[in-house]
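Trainee: Take a look at the following structure, please.
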Amino acid sequence: MRVGSTVLREGRTLSSLSFPPARAVGRGAAWYRGDCHVHSVDSDGELTPEELAVRARAAGLDFMATTEHNSAAEPGAWGHLAADDFLIVLGEEVTTKTGHWLALGINPGEVVDWNHQVRDGLIDQCLDQVHRVGGLCVAAHPHAPYPSGDFMFPFRGFDVVEVWNGLWASDRPWNADNETALAEWWRSLAADIHTGSWRPAMGNSDTHLEGQIGIPHTVVFANELSTEAVLAGIRAGRSWIAESADVDVSFTANADGRAAGVGEQLTTHGGQVEVQAAVRGVPVGTVSFHTDQGKVHRASLPGDGAGVVQWDTTAEDSAFVRIEVRHPNGHVAALTNPIVLT
């Protein structure tokens with residue numbers, strides 16, 4: 001049955017389409033691309049939900065999150081835009097007085113209070129509100145160069161850090177705030193892995209304008225294309241960040257017949273570890289390997305942008321390994337969460 005431009009499947013009503021379903025058909029256990037920081041005309045974006053969904057799919061994304069400022073997704077605005085192969089996650093950007101953060105996977109109509117700051121001690125109860133419904137709390141653009149943009153809350157209690165935020169007009173170069181966020185996360189990663197608990201990185205476009213969605217986005221391994229599975233993959237660090245769907249990265253570590261991928265742990269029994277990165281879509285780029293000892297290896301990609309780079313280490317020398325892929329001008333094309341070596 002067709003009502004306006006919305007196709008209703010048998011057994012579904014308009015009320016059931018008010019909000020997007022929490023599960024799509026997808027491809028089963030697979031790598032899925034998604035942008036979890038997007039604004040429509042319902043906050044301060046210039047695109048409608050329909051325009052955002054069309055552009056997200058054209059950008060090669062499998063999912064996106066609605067993150068209007070300090071408000072819930074509008075009933076009826078998003079439900080009809082979800083599809084068997086396209087998931088829409090409900091969320092909110094909480095713009096506090098001392099930093100912004102994303103509440104992902106909240107319930108339909110749920111709003112997280114934004115009127116708090118680091119000194120009033122209310123952040124923990126706001127994070128608990130999101131965690132109680134299985135949601136994810138993301139420290140957003142921690143060094144954005146505007147009032148309240150600098151993230152003053154401790155990362156403790158947050159699940160993920162947005163180290164790569166998309167292009168936007170500012171008086172500071174694009175890479176300044178992202179480079180600072182990436183360096184800060186890397187330092188905390190080195191310390192946290194030694195305690196047995198670490199906080200993954202993610203990247204999102206923070207779309208407000210035409211041409212921004214999916215630049216960058218997070219590529220996550222999920223058991224299915226559902227809100228629960230996608231958030232679980234991001235929470236576990238089974239993810240990496242790409243500037244566009246033209247960029248593809250495979251990153252693995254092997255030791256004595258055992259293998260691990262991004263976000264996983266590899267038990268090495270003291271043996272040699274072969275770390276390998278296969279990259280596509282970054283012509284004349286560079287691949288660099290990073291550990292708790294700093295940047296430890298760097299190699300160039302050929303002119304067609306496709307290549308395989310290998311590096312050897314041990315768990316004694318490297319508590320973890322992650323990679324960055326950069327263009328010749330130094331801008332990041334992709335970066336991964338770590339593989340932890342024990």
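Residues are named by chain letter and number: chains run A, B, ... in the order of the structure tokens, numbers start at 1 in each chain, and ligands are numbered from 1 in the order shown.
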Using only C-alpha atoms, which protein or nucleic acid residues come within 9 Å of segment 289-297 of chain A? Drop anything in the same chain fewer than 2 positions from it, and give the result as a ChimeraX atom specification.

Mentor: /A:186-187,189-191,287,299,311,317-324,338

Trainee: Considering only C-alpha atoms, return as JSON, numbers by chain whatever protein or nucleic-acid residues lie within 7 Å of Val89 of chain A, sequence-local ones (same chain, fewer than 3 positions apart) excluded.

Mentor: {"A": [64, 65, 66, 105, 227]}

Trainee: With all heavy atoms retained, could you export that selection as a PDB file, in the first residue's frame?

Mentor:
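Final output, out05.pdb:
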```
ATOM      1  N   MET A  64      23.152   5.554   9.551  1.00  0.00           N
ATOM      2  CA  MET A  64      23.427   6.900  10.014  1.00  0.00           C
ATOM      3  C   MET A  64      22.691   7.103  11.325  1.00  0.00           C
ATOM      4  O   MET A  64      21.754   6.360  11.640  1.00  0.00           O
ATOM      5  CB  MET A  64      22.993   7.949   8.995  1.00  0.00           C
ATOM      6  CG  MET A  64      21.515   7.949   8.692  1.00  0.00           C
ATOM      7  SD  MET A  64      21.003   9.247   7.528  1.00  0.00           S
ATOM      8  CE  MET A  64      21.146  10.681   8.571  1.00  0.00           C
ATOM      9  N   ALA A  65      23.120   8.091  12.099  1.00  0.00           N
ATOM     10  CA  ALA A  65      22.443   8.415  13.353  1.00  0.00           C
ATOM     11  C   ALA A  65      21.904   9.834  13.292  1.00  0.00           C
ATOM     12  O   ALA A  65      22.575  10.744  12.803  1.00  0.00           O
ATOM     13  CB  ALA A  65      23.401   8.262  14.535  1.00  0.00           C
ATOM     14  N   THR A  66      20.703  10.009  13.787  1.00  0.00           N
ATOM     15  CA  THR A  66      20.127  11.341  13.907  1.00  0.00           C
ATOM     16  C   THR A  66      20.619  11.946  15.226  1.00  0.00           C
ATOM     17  O   THR A  66      20.400  11.379  16.289  1.00  0.00           O
ATOM     18  CB  THR A  66      18.594  11.280  13.925  1.00  0.00           C
ATOM     19  OG1 THR A  66      18.146  10.712  15.145  1.00  0.00           O
ATOM     20  CG2 THR A  66      18.087  10.446  12.764  1.00  0.00           C
ATOM     21  N   GLY A 105      21.710   5.648  20.302  1.00  0.00           N
ATOM     22  CA  GLY A 105      20.926   4.474  20.652  1.00  0.00           C
ATOM     23  C   GLY A 105      19.903   4.717  21.743  1.00  0.00           C
ATOM     24  O   GLY A 105      19.495   3.769  22.427  1.00  0.00           O
ATOM     25  N   THR A 227      20.812  -1.530  15.554  1.00  0.00           N
ATOM     26  CA  THR A 227      21.356  -0.543  16.480  1.00  0.00           C
ATOM     27  C   THR A 227      22.201  -1.215  17.549  1.00  0.00           C
ATOM     28  O   THR A 227      23.320  -0.784  17.844  1.00  0.00           O
ATOM     29  CB  THR A 227      20.211   0.257  17.136  1.00  0.00           C
ATOM     30  OG1 THR A 227      19.560   1.035  16.133  1.00  0.00           O
ATOM     31  CG2 THR A 227      20.740   1.174  18.218  1.00  0.00           C
TER      32      THR A 227
END
```

Trainee: Residues at most 8 Å from Val325 of chain A, counting only C-alpha atoms, excluding those fewer than 5 positions away in the same chain, as a ChimeraX atom specification?

Mentor: /A:282,285-288,332-335

Trainee: When DSSP is applied to the backbone of this structure, which of segment 96-152 of chain A are assigned alpha helix (DSSP H)? Write them out as a PyMOL selection string.

Mentor: chain A and resi 123-132

Trainee: Would you put the residues from that selection into a file with N, CA and C atoms, as a JSON list (two decimals), in the first residue's frame?

Mentor:
```json
[["chain", "number", "residue", "atom", "x", "y", "z"],
["A", 123, "ILE", "N", 27.13, 15.18, 35.09],
["A", 123, "ILE", "CA", 27.42, 14.41, 33.88],
["A", 123, "ILE", "C", 27.21, 12.91, 34.09],
["A", 124, "ASP", "N", 27.55, 12.39, 35.26],
["A", 124, "ASP", "CA", 27.44, 10.95, 35.48],
["A", 124, "ASP", "C", 26.01, 10.46, 35.38],
["A", 125, "GLN", "N", 25.04, 11.22, 35.91],
["A", 125, "GLN", "CA", 23.66, 10.77, 35.82],
["A", 125, "GLN", "C", 23.13, 10.86, 34.39],
["A", 126, "CYS", "N", 23.67, 11.80, 33.60],
["A", 126, "CYS", "CA", 23.28, 11.87, 32.19],
["A", 126, "CYS", "C", 23.84, 10.69, 31.41],
["A", 127, "LEU", "N", 25.09, 10.35, 31.69],
["A", 127, "LEU", "CA", 25.68, 9.17, 31.04],
["A", 127, "LEU", "C", 24.95, 7.91, 31.44],
["A", 128, "ASP", "N", 24.59, 7.81, 32.71],
["A", 128, "ASP", "CA", 23.85, 6.63, 33.19],
["A", 128, "ASP", "C", 22.51, 6.50, 32.47],
["A", 129, "GLN", "N", 21.85, 7.62, 32.20],
["A", 129, "GLN", "CA", 20.57, 7.59, 31.49],
["A", 129, "GLN", "C", 20.72, 6.90, 30.13],
["A", 130, "VAL", "N", 21.80, 7.21, 29.43],
["A", 130, "VAL", "CA", 22.04, 6.62, 28.11],
["A", 130, "VAL", "C", 22.43, 5.15, 28.25],
["A", 131, "HIS", "N", 23.30, 4.87, 29.21],
["A", 131, "HIS", "CA", 23.77, 3.50, 29.37],
["A", 131, "HIS", "C", 22.65, 2.56, 29.81],
["A", 132, "ARG", "N", 21.67, 3.06, 30.56],
["A", 132, "ARG", "CA", 20.57, 2.20, 31.02],
["A", 132, "ARG", "C", 19.76, 1.63, 29.87]]
```

Trainee: Hey, can you check how far atom CA of Asp312 of chain A sits from atom CA of Gln265 of chain A?

Mentor: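 So the two atoms, atom CA of Asp312 of chain A and atom CA of Gln265 of chain A, lie 16.3 Å apart.
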
Trainee: Counting only C-alpha atoms, which of A:Arg27, A:His37, A:Arg238, A:Arg55 gets nearest to Glu210 of chain A?

Mentor: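 For Glu210 of chain A, the nearest of the given residues is A:Arg55.
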
Trainee: A:Leu52, A:Leu167, A:Leu47, A:Met152: which is nearest Pro216 of chain A, counting only C-alpha atoms?

Mentor: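 Using only C-alpha atoms, the shortest distance to Pro216 of chain A belongs to A:Leu167.
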
Trainee: With a distance cut-off of 7 Å and only C-alpha atoms, select the neighbouring residues of His141 of chain A, excluding the residue or stretch itself and same-chain residues fewer than 3 positions from it, and output the selection as number ranges by chain.

Mentor: A: 144, 162-163, 165

Trainee: Identify, on the basis of only C-alpha atoms, every residue whose closest approach to Val38 of chain A does not exceed 6 Å; exclude the query and any residue fewer than 5 positions from it along the same chain; express the result as a PyMOL selection string.

Mentor: chain A and resi 66-67+206-207

Trainee: What does the structure give for the distance between atom CA of Arg119 of chain A and atom CA of Asp150 of chain A, in Å to one decimal?

Mentor: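 Interatomic distance here is 14.5 Å.
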